[in-house]
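Engineer: Got a structure for you, written out below as structure tokens; questions coming shortly.
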Amino acid sequence: MGNVVWLRPPEPEPGRPCLVHSDDQWWEGTVVWEEVRREDGLWWGTATYLKNGEEVVEVFSQHDLRAR
């Protein structure tokens with residue numbers, strides 16, 4: 001079979017574009033997802049978004065984040 005070459009996975013991106021649900025509105029931002037689901041079975045991620053002109057960083061479950 002020859003030599004096996006193991007490749008490292010790519011470095012995580014600084015954030016994927018998303019919409020963040022906060023205060024009954026959707027805000028444009030980016031999310032970095034955690035590597036595995038939590039014990040509650042949901043995916044969680046750290047979102048960075050602009051809310052009323054200010055940068056906010058919060059952790060949300062998949063229920064409050066939408067891919068763009």
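Ligands are numbered from 1 in the order shown, chains are lettered A, B, ... in the order of the structure tokens, and residues start at 1 in each chain.
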Among chain A, which ones does DSSP place in strand (DSSP E or B), written as a ChimeraX atom specification?

Structural biologist: /A:16-22,25-33,44-51,54-61,65-67

Engineer: Would you mind exporting the chosen residues as a CSV table (one decimal), in the first residue's frame, restricted to C-alpha atoms?

Structural biologist:
chain,number,residue,atom,x,y,z
A,16,ARG,CA,-18.4,31.6,10.1
A,17,PRO,CA,-21.0,34.2,9.1
A,18,CYS,CA,-24.3,33.8,11.0
A,19,LEU,CA,-27.4,35.5,12.3
A,20,VAL,CA,-27.7,35.8,16.1
A,21,HIS,CA,-31.1,35.9,17.8
A,22,SER,CA,-31.0,38.3,20.8
A,25,GLN,CA,-34.2,40.4,16.8
A,26,TRP,CA,-31.6,38.9,14.4
A,27,TRP,CA,-28.1,40.4,14.3
A,28,GLU,CA,-25.3,39.8,11.8
A,29,GLY,CA,-22.2,38.2,13.2
A,30,THR,CA,-19.9,35.2,13.2
A,31,VAL,CA,-19.8,32.0,15.2
A,32,VAL,CA,-17.1,29.6,16.2
A,33,TRP,CA,-18.7,26.3,17.0
A,44,TRP,CA,-23.0,25.5,21.1
A,45,GLY,CA,-20.9,28.3,19.7
A,46,THR,CA,-19.3,31.6,20.6
A,47,ALA,CA,-20.9,34.4,18.6
A,48,THR,CA,-19.4,37.8,17.9
A,49,TYR,CA,-21.9,40.3,16.6
A,50,LEU,CA,-22.8,43.9,16.4
A,51,LYS,CA,-25.8,44.9,18.5
A,54,GLU,CA,-21.5,47.7,19.8
A,55,GLU,CA,-19.5,44.4,19.5
A,56,VAL,CA,-20.9,41.7,21.7
A,57,VAL,CA,-19.4,38.2,22.4
A,58,GLU,CA,-21.8,35.6,23.8
A,59,VAL,CA,-22.2,31.8,23.8
A,60,PHE,CA,-25.4,30.5,22.2
A,61,SER,CA,-27.0,27.2,21.4
A,65,LEU,CA,-27.8,30.9,15.6
A,66,ARG,CA,-28.5,30.6,11.9
A,67,ALA,CA,-25.9,30.1,9.2

Engineer: Any idea what the distance is between CA of Asp40 in chain A and CA of Pro14 in chain A?

Structural biologist: 25.3 Å
